[in-house]
Amino acid sequence: MNLPRETLTRLYYEMLRIRRLQLRIDALYLDNDMKTPVHLCIGQEAIPVGVCAHLEREDYINSTHRGHGHYLAKGGNLKALVAELHCKETGCSKGRGGSMHLVDVAVGHFGSSSIVGGGIPIATGLGLASKMRGQSRVSVAFFGDGAADEGVLYESINFAVLKRLPVLFVLENNQFSVCSHVSTRQAGEYVFHAMDLDLLLSAKLDGNDVLAVYEQAGAAVARARAGLGPSFLECQTYRLWGHAGCQAQEPQGYRDPAEVEQWRARCPIAMLEKRLLAAAMITRSEIEAMERKIAAELDEAFTCARQDPLPARADLPLYLFCE
Amino acid sequence: MPWSRVKPELHEPGSFTENPEEGRVISYPEAVRDGLFQVLKHDPQVFLMGQDVDAPGGMFGTTRELQEEFGPERVFDTPLSETALMGVAVGAALAGMRPVYFHNRPDFLFLAMDQLVNHAAKWHYMFGGAVSVPLVVWACIGRGWGSAAQHSQALQGLFMHIPGLKLIMPSTCYDAKGLLIAAVADANPVVILEHRFNFKQKGNVPEGIYRVPIGQGVIRREGTAVTVVAVSHLVLEAFHAAQELAAEGLEVEIIDPRTLRPLDEEIILNSVAKTGRLVIADTGWKTGGVTGEIAAMVAEKGFSYLKAPIKRVAAPDVPTPAGYTLEEAFYFGKEEIKQAILELVK
């Protein structure tokens, strides 16, 4: 809490904005205007916000199918995101990608993969390019515990360590891959925690505590910028919503409702709000003003997205090859 | 392993060379190396990676001493990690670098298929043109000396299937260099599949930079009786078959597509319009492969030209065996192509 008030309220605002977008999608999803499989990151907002707070516009991120939070936290265009959810020509991927495939090159977001773990080596390659060019750009791979089942994580971290690449491997351990709990897929600690910290800075932290994420990410980004190499941040969190779709569509019976309630009580936004109010660093009326601002922004984005044109049928072959 | 004993050194026919007065005669691996040298020299964004690209032998000679020339930052050995390294190449390409990723054998590309097919091939389309992946993947098909089922696969049929990938299979020293330079200049992911049997060739290759256009086939020999579309080292086999048949009064036209995707359909259709008879020869398996695709294209777009059914010469649908006698039964070349031609005209 010994951060400047401006930083703290910014972290709060960014998390709230991601949450409100997610809840808006949830509320409208059954209208079927967004014909795209959405994967909401409700409950996990602290991780992209805490990490991206340290990034410059030209730094790189790579994201996943559950990527709305990463996109917004990195500064991605909200209207283009909402239009993409409606598969419109005005979407960030011109309606060719949908919810799982977001891009905003202007802010260093070079596209999200829905192949679990697919973005990890790509982020590593962006880091390689940065190093080869002698730039100070860092690259962040966001991924979940499902991706940590994949061998490509081991391969990518090995290469990043070998070449001392400016890459952050940020594991959002939300405990579920679809309905499969992490305990049925993995045993013991991640081997990366056993590495020499000089080779790989690793840390295990509370991913619902945005200040903890902010602190660790700050150290990792500084290390990367200084040319000292990669980091592995295991952020423990929880997927409050189902794997895909809105809350009403979540299948029942694969997890204990009491467990969900326990994690709901650890909501990253509510936890920071409580601390900020107690420390008199934010007021109720300031929060209400933030809510109004976000609601107005979302109203405009959804209104535009509904009115925007769909891609033309004749444009099906466009973009197969770059000319 | 005495791989080199499998095939003797061989000079390419003079007709295989464009502007022979401009070049000098070098070996096929030297031609590939020359192409790599030129792109590394002229474009600082280009880098070369792959297992053993820095080894003294230099990947059959194709990368020899390039690390000494351009430094370990731009020419470097990699962990095997084919999946991650293909993704690393994709990421570097997204940032505007021009990676060239060398693989000893296409068989190991299976380990990299997720990044190549799910990512590299999709990235430009899936993001509405916002990003592009200027990436070259190079691999060399093995053959002989018991290479067996996992060291000799000709996988062009698989790559030809994927929208978003370009696919090149050179057959001459000149094209090996010119197509490599064109591939590196291309803004898209390009797969180059070489064949070890081409590596004993010597041919005329100009110095400096020149490009062979991707998507443009070439007539290696003109003829009127039968068209043979041959791929990779089978171009030379088909050429020798045609030379022998010419002695018997049969003029065979040899088409080398050079690029399988995009495919130069026009050059094939024009030839079939002239000859009315078509043999397609490919090193890959027959089922679901290159010969089937080209045959279907001609059946769809040039059926009225055909005076006889299309003949295909392709690998039998079994894994490559190791043993010498079975290897002999598996592989094919000049004689089989000649036989197919004769069956069409009898």
# chains A, B, ... in the order shown; residues from 1 in each chain; ligands from 1
$ interface_residues --of "chain A" --to "chain B" --cutoff "9 Å" --atoms "only C-alpha atoms" --output "JSON, numbers by chain"
{"A": [89, 91, 92, 93, 94, 95, 96, 97, 98, 101, 102, 103, 104, 105, 110, 111, 113, 115, 118, 119, 120, 121, 122, 123, 124, 125, 126, 127, 128, 129, 130, 132, 133, 151, 152, 153, 154, 155, 156, 158, 159, 317, 318, 319, 320, 321, 322, 323]}
$ select_by_dssp --residues "region 201-293 of chain A" --states "strand (DSSP E)" --output "list in words"
Leu201, Ser202, Ala203, Lys204, Leu205, Asp206, Ser231, Phe232, Leu233, Glu234, Cys235 and Gln236 of chain A
$ write_last_selection --atoms "C-alpha atoms" --output "CSV table (one decimal), in the first residue's frame"
chain,number,residue,atom,x,y,z
A,201,LEU,CA,13.5,-15.5,-11.5
A,202,SER,CA,10.6,-17.5,-10.2
A,203,ALA,CA,7.9,-16.7,-7.7
A,204,LYS,CA,4.6,-18.1,-6.5
A,205,LEU,CA,2.1,-15.5,-5.5
A,206,ASP,CA,-1.4,-14.6,-4.7
A,231,SER,CA,11.0,-14.8,-15.1
A,232,PHE,CA,8.4,-17.3,-14.2
A,233,LEU,CA,5.5,-16.0,-12.1
A,234,GLU,CA,3.0,-18.5,-10.9
A,235,CYS,CA,-0.1,-16.5,-9.9
A,236,GLN,CA,-2.7,-18.5,-8.0
$ residues_around --residues "Phe142 (chain A)" --least-positions-apart "2" --cutoff "8 Å" --atoms "only C-alpha atoms" --output "ChimeraX atom specification"
/A:61-64,70,119-120,140,144,169-172
$ residues_around --residues "region 198-214 of chain B" --least-positions-apart "5" --cutoff "8 Å" --atoms "only C-alpha atoms" --output "ChimeraX atom specification"
/B:4,7-12,17,20,22-29,31,34-35,38,168,171-175,177-183,232-233,258-259,262
$ select_by_dssp --residues "region 256-299 of chain A" --states "helix (DSSP H, G or I)" --output "VMD selection string"
chain A and resid 257 to 264 268 to 278 284 to 299
$ write_last_selection --atoms "C-alpha atoms" --output "compact mmCIF listing (two decimals), in the first residue's frame"
# COMPACT_ATOMS: atom_id res chain seq x y z
CA PRO A 257 -20.25 -24.48 -4.88
CA ALA A 258 -18.76 -23.80 -1.43
CA GLU A 259 -15.32 -23.55 -3.04
CA VAL A 260 -16.63 -21.02 -5.54
CA GLU A 261 -18.09 -18.97 -2.69
CA GLN A 262 -14.78 -19.00 -0.83
CA TRP A 263 -13.02 -17.57 -3.86
CA ARG A 264 -15.81 -15.11 -4.58
CA PRO A 268 -9.42 -9.05 -6.39
CA ILE A 269 -11.44 -5.90 -6.99
CA ALA A 270 -13.39 -6.06 -3.72
CA MET A 271 -10.18 -6.78 -1.78
CA LEU A 272 -8.39 -3.71 -3.17
CA GLU A 273 -11.50 -1.57 -2.77
CA LYS A 274 -11.73 -2.45 0.91
CA ARG A 275 -8.09 -1.56 1.48
CA LEU A 276 -8.33 1.70 -0.44
CA LEU A 277 -11.47 2.78 1.41
CA ALA A 278 -9.95 1.86 4.79
CA ARG A 284 -17.41 6.05 -2.63
CA SER A 285 -18.23 8.91 -4.95
CA GLU A 286 -14.97 8.43 -6.85
CA ILE A 287 -15.84 4.78 -7.34
CA GLU A 288 -19.30 5.74 -8.56
CA ALA A 289 -17.77 8.17 -11.03
CA MET A 290 -15.53 5.38 -12.35
CA GLU A 291 -18.57 3.13 -12.72
CA ARG A 292 -20.43 5.80 -14.67
CA LYS A 293 -17.48 6.43 -16.96
CA ILE A 294 -17.04 2.74 -17.70
CA ALA A 295 -20.77 2.19 -18.24
CA ALA A 296 -20.89 5.05 -20.75
CA GLU A 297 -17.86 3.67 -22.59
CA LEU A 298 -19.43 0.21 -22.75
CA ASP A 299 -22.80 1.60 -23.86
$ closest_residue --among "B:Asp317, B:Glu253, B:Glu244, B:Glu300" --to "Glu265 (chain B)" --atoms "only C-alpha atoms"
B:Glu300
$ residues_around --residues "Gly146 (chain A)" --least-positions-apart "5" --cutoff "10 Å" --atoms "only C-alpha atoms" --output "list in words"
Val116, Gly117, Leu171, Glu172, Asn173, Asn174, Gln175, Phe176, Ser177, Val178, Ser180, His181, Val182, Arg185 and Gln186 of chain A
$ write_last_selection --atoms "N, CA and C atoms" --output "short mmCIF file (atom, residue, chain, number, x, y, z; two decimals), in the first residue's frame"
data_model
loop_
_atom_site.label_atom_id
_atom_site.label_comp_id
_atom_site.auth_asym_id
_atom_site.auth_seq_id
_atom_site.Cartn_x
_atom_site.Cartn_y
_atom_site.Cartn_z
N VAL A 116 -4.08 -24.16 -26.59
CA VAL A 116 -3.58 -23.96 -25.23
C VAL A 116 -2.06 -24.08 -25.21
N GLY A 117 -1.41 -23.02 -24.77
CA GLY A 117 0.06 -22.97 -24.75
C GLY A 117 0.66 -22.39 -26.01
N LEU A 171 2.04 -17.39 -15.39
CA LEU A 171 1.08 -18.49 -15.27
C LEU A 171 -0.10 -18.04 -14.42
N GLU A 172 -1.26 -18.01 -15.03
CA GLU A 172 -2.48 -17.72 -14.29
C GLU A 172 -3.10 -19.06 -13.90
N ASN A 173 -2.76 -19.52 -12.72
CA ASN A 173 -3.26 -20.82 -12.29
C ASN A 173 -4.67 -20.65 -11.73
N ASN A 174 -5.66 -20.78 -12.63
CA ASN A 174 -7.05 -20.62 -12.19
C ASN A 174 -7.68 -21.96 -11.82
N GLN A 175 -6.85 -22.98 -11.79
CA GLN A 175 -7.19 -24.31 -11.26
C GLN A 175 -8.03 -25.21 -12.17
N PHE A 176 -8.52 -24.64 -13.29
CA PHE A 176 -9.35 -25.48 -14.15
C PHE A 176 -8.94 -25.39 -15.62
N SER A 177 -8.97 -26.55 -16.27
CA SER A 177 -8.90 -26.60 -17.71
C SER A 177 -10.23 -27.21 -18.14
N VAL A 178 -11.10 -26.39 -18.71
CA VAL A 178 -12.51 -26.75 -18.91
C VAL A 178 -13.06 -27.22 -17.55
N SER A 180 -11.67 -29.86 -15.83
CA SER A 180 -10.66 -30.73 -15.22
C SER A 180 -9.82 -29.94 -14.21
N HIS A 181 -9.83 -30.37 -12.97
CA HIS A 181 -9.10 -29.65 -11.93
C HIS A 181 -7.60 -29.91 -12.05
N VAL A 182 -6.82 -28.92 -11.68
CA VAL A 182 -5.37 -29.01 -11.83
C VAL A 182 -4.80 -30.21 -11.07
N ARG A 185 -4.33 -33.25 -13.04
CA ARG A 185 -3.42 -33.14 -14.18
C ARG A 185 -1.97 -32.93 -13.80
N GLN A 186 -1.75 -32.40 -12.62
CA GLN A 186 -0.37 -32.08 -12.21
C GLN A 186 -0.17 -32.46 -10.75
#
$ closest_residue --among "B:Val75, B:Leu344, B:Ala296, B:Val231" --to "Val252 (chain B)" --atoms "only C-alpha atoms"
B:Leu344
$ atom_distance --atom1 "CA of Arg239 (chain A)" --atom2 "CA of Lys35 (chain A)"
22.3 Å
$ residues_around --residues "Arg143 (chain B)" --least-positions-apart "4" --cutoff "12 Å" --atoms "only C-alpha atoms" --output "ChimeraX atom specification"
/B:3-7,105-106,147-154,194-199,233,283-284,320-322,324,327-328,330-332
$ residues_around --residues "His54 (chain A)" --least-positions-apart "4" --cutoff "8 Å" --atoms "only C-alpha atoms" --output "VMD selection string"
chain A and resid 50 214 217 to 218 221
$ write_last_selection --atoms "C-alpha atoms" --output "compact mmCIF listing (two decimals), in the first residue's frame"
# COMPACT_ATOMS: atom_id res chain seq x y z
CA GLY A 50 -0.72 -5.92 -12.16
CA TYR A 214 2.35 -5.55 -9.24
CA ALA A 217 5.96 -8.15 -12.02
CA GLY A 218 7.89 -4.96 -11.39
CA VAL A 221 10.16 -6.43 -15.88
$ atom_distance --atom1 "CA of Val161 (chain A)" --atom2 "CA of Ala222 (chain A)"
16.0 Å
$ atom_distance --atom1 "CA of Thr63 (chain B)" --atom2 "CA of Val32 (chain B)"
8.1 Å
